[in-house]
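See structure below.
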Amino acid sequence: MDIMKLITDQINNPDTLNKLGQSVGVEPSQVQKVAQMGMPAHR
């Protein structure tokens, strides 16, 4: 199992982004940007 793929799939999942965004009061696109900034570059 590739953990980076699993995490990346979740970051790009609209349902996940909506749930996270609602829980903190921001737009899903903002959640995605912050999550991607926190991810290491995948080689």
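Please note that chains go A, B, ... in the order of the structure tokens, that every chain numbers its residues from 1, and that ligands are numbered from 1 in the order shown.
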Residue neighbourhood A:Asn18, 10 Å, only C-alpha atoms, exclusion window fewer than 5 positions, as a list of chain:residue names: A:Asn13, A:Ser23, A:Gly25, A:Val26, A:Glu27, A:Pro28, A:Ser29, A:Val31, A:Gln32
The selected residues should be written to file as a PDB file, in the first residue's frame (atoms: C-alpha atoms).
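That gives us out.pdb:
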ATOM      1  CA  ASN A  13     -11.771  13.689  -2.862  1.00  0.00           C
ATOM      2  CA  SER A  23     -15.775  21.605  10.124  1.00  0.00           C
ATOM      3  CA  GLY A  25     -15.681  27.090   8.162  1.00  0.00           C
ATOM      4  CA  VAL A  26     -13.714  27.445   4.923  1.00  0.00           C
ATOM      5  CA  GLU A  27     -14.176  26.576   1.253  1.00  0.00           C
ATOM      6  CA  PRO A  28     -13.095  23.118   0.023  1.00  0.00           C
ATOM      7  CA  SER A  29     -10.564  24.727  -2.333  1.00  0.00           C
ATOM      8  CA  VAL A  31      -8.694  23.004   2.448  1.00  0.00           C
ATOM      9  CA  GLN A  32      -7.093  21.448  -0.610  1.00  0.00           C
TER      10      GLN A  32
END
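Of the listed residues (A:Gln22, A:Ala41, A:Ala35, A:Gln30), A:Ala35 comes nearest to A:Gln10; the distances count only C-alpha atoms.
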Could you pull out all residues of chain A with a DSSP call of helix (DSSP H, G or I) and give them as a PDB file with C-alpha atoms, in the first residue's frame?
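As written to disk, result_16.pdb reads:
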ATOM      1  CA  ILE A   3       0.576   5.821   1.806  1.00  0.00           C
ATOM      2  CA  MET A   4       1.268   8.868  -0.369  1.00  0.00           C
ATOM      3  CA  LYS A   5      -1.288   7.689  -2.935  1.00  0.00           C
ATOM      4  CA  LEU A   6      -3.848   7.082  -0.201  1.00  0.00           C
ATOM      5  CA  ILE A   7      -3.360  10.565   1.265  1.00  0.00           C
ATOM      6  CA  THR A   8      -3.325  12.215  -2.163  1.00  0.00           C
ATOM      7  CA  ASP A   9      -6.554  10.457  -3.107  1.00  0.00           C
ATOM      8  CA  GLN A  10      -8.197  11.772   0.062  1.00  0.00           C
ATOM      9  CA  ILE A  11      -6.941  15.322  -0.550  1.00  0.00           C
ATOM     10  CA  PRO A  14     -14.549  16.321  -3.017  1.00  0.00           C
ATOM     11  CA  ASP A  15     -16.493  14.699  -0.151  1.00  0.00           C
ATOM     12  CA  THR A  16     -13.452  14.814   2.122  1.00  0.00           C
ATOM     13  CA  LEU A  17     -12.724  18.421   1.194  1.00  0.00           C
ATOM     14  CA  ASN A  18     -16.342  19.416   1.871  1.00  0.00           C
ATOM     15  CA  LYS A  19     -16.388  17.721   5.278  1.00  0.00           C
ATOM     16  CA  LEU A  20     -13.111  19.293   6.345  1.00  0.00           C
ATOM     17  CA  GLY A  21     -14.135  22.697   5.017  1.00  0.00           C
ATOM     18  CA  GLN A  22     -17.439  22.616   6.870  1.00  0.00           C
ATOM     19  CA  SER A  23     -15.775  21.605  10.124  1.00  0.00           C
ATOM     20  CA  VAL A  24     -13.473  24.634  10.069  1.00  0.00           C
ATOM     21  CA  PRO A  28     -13.095  23.118   0.023  1.00  0.00           C
ATOM     22  CA  SER A  29     -10.564  24.727  -2.333  1.00  0.00           C
ATOM     23  CA  GLN A  30      -8.875  26.350   0.666  1.00  0.00           C
ATOM     24  CA  VAL A  31      -8.694  23.004   2.448  1.00  0.00           C
ATOM     25  CA  GLN A  32      -7.093  21.448  -0.610  1.00  0.00           C
ATOM     26  CA  LYS A  33      -4.495  24.218  -0.944  1.00  0.00           C
ATOM     27  CA  VAL A  34      -3.439  23.977   2.698  1.00  0.00           C
ATOM     28  CA  ALA A  35      -3.280  20.181   2.568  1.00  0.00           C
ATOM     29  CA  GLN A  36      -1.162  20.252  -0.573  1.00  0.00           C
ATOM     30  CA  MET A  37       1.207  22.792   0.976  1.00  0.00           C
ATOM     31  CA  GLY A  38       1.754  20.419   3.885  1.00  0.00           C
TER      32      GLY A  38
END
